[in-house]
Amino acid sequence: MFTNPEEAGAVRSVNGLSKEDENAIYSFLQGAVYCWCNNNPNKWFSMRDFMGGANFYWQGTPLYKLFEKTGDVNAAGQAAGRLLKFVINKDKRNFETKKEELIRKYKWIGDEI
């Protein structure tokens, strides 16, 4: 959940995925968020941290459906970023968000009671 939802902006949907594929991607991204927050508390993250750089190999993950759907790495990355935003918005924990370097970044605040 965003501490300031107005700052986060609207969550745009990704069309053309089956409900099963969409749910698999949400679960995959939720796991990535939990792992990040556990291992990197108080550090900013973005979709690039999960599936960019050394993590460029999407085959075998639910995110590969986004590449199959678009046929383009950049478009798939943008779609994945939109889905990550949805996952963060639905999370029970509180996150800060900012737009930096043309991408959205998040940071777990850790102030839940």
# chains A, B, ... in the order shown; residues from 1 in each chain; ligands from 1

$ residues_around --residues "Asn15 (chain A)" --least-positions-apart "4" --cutoff "12 Å" --atoms "only C-alpha atoms" --output "PDB file with N, CA and C atoms, in the first residue's frame"
ATOM      1  N   LYS A  19      -6.374 -15.123 -16.859  1.00  0.00           N
ATOM      2  CA  LYS A  19      -6.446 -14.912 -15.405  1.00  0.00           C
ATOM      3  C   LYS A  19      -5.391 -15.751 -14.706  1.00  0.00           C
ATOM      4  N   ASP A  21      -2.425 -16.724 -15.956  1.00  0.00           N
ATOM      5  CA  ASP A  21      -1.110 -16.101 -16.163  1.00  0.00           C
ATOM      6  C   ASP A  21      -0.956 -14.854 -15.296  1.00  0.00           C
ATOM      7  N   GLU A  22      -2.016 -14.061 -15.234  1.00  0.00           N
ATOM      8  CA  GLU A  22      -1.995 -12.839 -14.423  1.00  0.00           C
ATOM      9  C   GLU A  22      -1.750 -13.180 -12.953  1.00  0.00           C
ATOM     10  N   LYS A  65       5.507 -14.717 -20.197  1.00  0.00           N
ATOM     11  CA  LYS A  65       4.251 -14.527 -20.946  1.00  0.00           C
ATOM     12  C   LYS A  65       4.130 -13.090 -21.462  1.00  0.00           C
ATOM     13  N   LEU A  66       4.677 -12.136 -20.713  1.00  0.00           N
ATOM     14  CA  LEU A  66       4.635 -10.737 -21.155  1.00  0.00           C
ATOM     15  C   LEU A  66       5.486 -10.538 -22.404  1.00  0.00           C
ATOM     16  N   LYS A  69       3.671 -12.134 -25.306  1.00  0.00           N
ATOM     17  CA  LYS A  69       2.533 -11.300 -25.696  1.00  0.00           C
ATOM     18  C   LYS A  69       2.974 -10.102 -26.538  1.00  0.00           C
ATOM     19  N   THR A  70       4.085  -9.463 -26.147  1.00  0.00           N
ATOM     20  CA  THR A  70       4.512  -8.233 -26.811  1.00  0.00           C
ATOM     21  C   THR A  70       5.562  -8.465 -27.890  1.00  0.00           C
ATOM     22  N   ALA A  76       7.569  -5.489 -22.712  1.00  0.00           N
ATOM     23  CA  ALA A  76       7.345  -6.476 -21.652  1.00  0.00           C
ATOM     24  C   ALA A  76       7.783  -5.919 -20.304  1.00  0.00           C
ATOM     25  N   ALA A  79       5.157  -3.461 -19.111  1.00  0.00           N
ATOM     26  CA  ALA A  79       3.980  -4.189 -18.620  1.00  0.00           C
ATOM     27  C   ALA A  79       4.274  -4.794 -17.243  1.00  0.00           C
ATOM     28  N   ALA A  80       5.458  -5.346 -17.083  1.00  0.00           N
ATOM     29  CA  ALA A  80       5.843  -5.922 -15.790  1.00  0.00           C
ATOM     30  C   ALA A  80       5.868  -4.841 -14.710  1.00  0.00           C
ATOM     31  N   ARG A  82       3.993  -2.188 -14.613  1.00  0.00           N
ATOM     32  CA  ARG A  82       2.598  -1.885 -14.270  1.00  0.00           C
ATOM     33  C   ARG A  82       2.027  -2.948 -13.335  1.00  0.00           C
ATOM     34  N   LEU A  83       2.370  -4.201 -13.585  1.00  0.00           N
ATOM     35  CA  LEU A  83       1.888  -5.273 -12.721  1.00  0.00           C
ATOM     36  C   LEU A  83       2.531  -5.200 -11.335  1.00  0.00           C
TER      37      LEU A  83
END

$ select_by_dssp --residues "chain A" --states "strand (DSSP E or B)" --output "list of chain:residue names"
A:Phe2, A:Phe45, A:Phe95, A:Glu96, A:Thr97, A:Lys98, A:Lys99, A:Glu100, A:Ile103, A:Arg104, A:Lys105, A:Tyr106, A:Lys107, A:Trp108

$ atom_distance --atom1 "CA of Lys85 (chain A)" --atom2 "CA of Asn42 (chain A)"
17.9 Å

$ closest_residue --among "A:Arg48, A:Tyr57, A:Gln30, A:Asn74" --to "Arg104 (chain A)" --atoms "only C-alpha atoms"
A:Arg48

$ atom_distance --atom1 "CA of Lys98 (chain A)" --atom2 "CA of Gly81 (chain A)"
13.3 Å

$ select_by_dssp --residues "chain A" --states "helix (DSSP H, G or I)" --output "ChimeraX atom specification"
/A:5-8,19-39,47-51,53-55,64-70,73-90

$ write_last_selection --atoms "C-alpha atoms" --output "PDB file, in the first residue's frame"
ATOM      1  CA  PRO A   5      -1.624   7.040  -3.262  1.00  0.00           C
ATOM      2  CA  GLU A   6      -1.912  10.319  -5.185  1.00  0.00           C
ATOM      3  CA  GLU A   7       1.847  10.290  -5.711  1.00  0.00           C
ATOM      4  CA  ALA A   8       1.741   6.750  -7.077  1.00  0.00           C
ATOM      5  CA  LYS A  19      -6.446 -14.912 -15.405  1.00  0.00           C
ATOM      6  CA  GLU A  20      -4.161 -17.842 -14.641  1.00  0.00           C
ATOM      7  CA  ASP A  21      -1.110 -16.101 -16.163  1.00  0.00           C
ATOM      8  CA  GLU A  22      -1.995 -12.839 -14.423  1.00  0.00           C
ATOM      9  CA  ASN A  23      -2.268 -14.557 -11.024  1.00  0.00           C
ATOM     10  CA  ALA A  24       1.022 -16.411 -11.563  1.00  0.00           C
ATOM     11  CA  ILE A  25       2.759 -13.095 -12.360  1.00  0.00           C
ATOM     12  CA  TYR A  26       1.237 -11.428  -9.278  1.00  0.00           C
ATOM     13  CA  SER A  27       2.437 -14.290  -7.055  1.00  0.00           C
ATOM     14  CA  PHE A  28       5.892 -14.219  -8.638  1.00  0.00           C
ATOM     15  CA  LEU A  29       6.216 -10.461  -8.142  1.00  0.00           C
ATOM     16  CA  GLN A  30       4.866 -10.632  -4.580  1.00  0.00           C
ATOM     17  CA  GLY A  31       7.588 -13.161  -3.803  1.00  0.00           C
ATOM     18  CA  ALA A  32      10.214 -10.894  -5.337  1.00  0.00           C
ATOM     19  CA  VAL A  33       8.989  -7.957  -3.230  1.00  0.00           C
ATOM     20  CA  TYR A  34       9.062 -10.013  -0.030  1.00  0.00           C
ATOM     21  CA  CYS A  35      12.554 -11.291  -0.812  1.00  0.00           C
ATOM     22  CA  TRP A  36      13.796  -7.754  -1.552  1.00  0.00           C
ATOM     23  CA  CYS A  37      12.318  -6.301   1.631  1.00  0.00           C
ATOM     24  CA  ASN A  38      13.793  -9.118   3.707  1.00  0.00           C
ATOM     25  CA  ASN A  39      17.293  -8.804   2.237  1.00  0.00           C
ATOM     26  CA  MET A  47      11.159  -3.786 -11.656  1.00  0.00           C
ATOM     27  CA  ARG A  48      14.660  -3.513 -13.130  1.00  0.00           C
ATOM     28  CA  ASP A  49      16.102  -4.880  -9.887  1.00  0.00           C
ATOM     29  CA  PHE A  50      13.967  -7.994 -10.232  1.00  0.00           C
ATOM     30  CA  MET A  51      14.170  -8.689 -13.953  1.00  0.00           C
ATOM     31  CA  GLY A  53      20.680  -6.607 -15.544  1.00  0.00           C
ATOM     32  CA  ALA A  54      21.897 -10.037 -14.450  1.00  0.00           C
ATOM     33  CA  ASN A  55      18.262 -11.166 -14.142  1.00  0.00           C
ATOM     34  CA  TYR A  64       7.931 -14.662 -19.920  1.00  0.00           C
ATOM     35  CA  LYS A  65       4.251 -14.527 -20.946  1.00  0.00           C
ATOM     36  CA  LEU A  66       4.635 -10.737 -21.155  1.00  0.00           C
ATOM     37  CA  PHE A  67       7.477 -11.118 -23.640  1.00  0.00           C
ATOM     38  CA  GLU A  68       5.504 -13.676 -25.639  1.00  0.00           C
ATOM     39  CA  LYS A  69       2.533 -11.300 -25.696  1.00  0.00           C
ATOM     40  CA  THR A  70       4.512  -8.233 -26.811  1.00  0.00           C
ATOM     41  CA  VAL A  73      11.737  -6.651 -24.232  1.00  0.00           C
ATOM     42  CA  ASN A  74      11.011  -2.967 -23.528  1.00  0.00           C
ATOM     43  CA  ALA A  75       7.231  -3.358 -23.838  1.00  0.00           C
ATOM     44  CA  ALA A  76       7.345  -6.476 -21.652  1.00  0.00           C
ATOM     45  CA  GLY A  77       9.373  -4.589 -19.045  1.00  0.00           C
ATOM     46  CA  GLN A  78       6.868  -1.736 -19.018  1.00  0.00           C
ATOM     47  CA  ALA A  79       3.980  -4.189 -18.620  1.00  0.00           C
ATOM     48  CA  ALA A  80       5.843  -5.922 -15.790  1.00  0.00           C
ATOM     49  CA  GLY A  81       6.339  -2.554 -14.105  1.00  0.00           C
ATOM     50  CA  ARG A  82       2.598  -1.885 -14.270  1.00  0.00           C
ATOM     51  CA  LEU A  83       1.888  -5.273 -12.721  1.00  0.00           C
ATOM     52  CA  LEU A  84       4.457  -4.621  -9.982  1.00  0.00           C
ATOM     53  CA  LYS A  85       2.696  -1.362  -9.186  1.00  0.00           C
ATOM     54  CA  PHE A  86      -0.568  -3.310  -8.794  1.00  0.00           C
ATOM     55  CA  VAL A  87       1.124  -5.831  -6.466  1.00  0.00           C
ATOM     56  CA  ILE A  88       2.628  -3.052  -4.325  1.00  0.00           C
ATOM     57  CA  ASN A  89      -0.718  -1.277  -4.159  1.00  0.00           C
ATOM     58  CA  LYS A  90      -2.442  -4.453  -2.896  1.00  0.00           C
TER      59      LYS A  90
END

$ atom_distance --atom1 "CA of Pro62 (chain A)" --atom2 "CA of Asn40 (chain A)"
23.4 Å
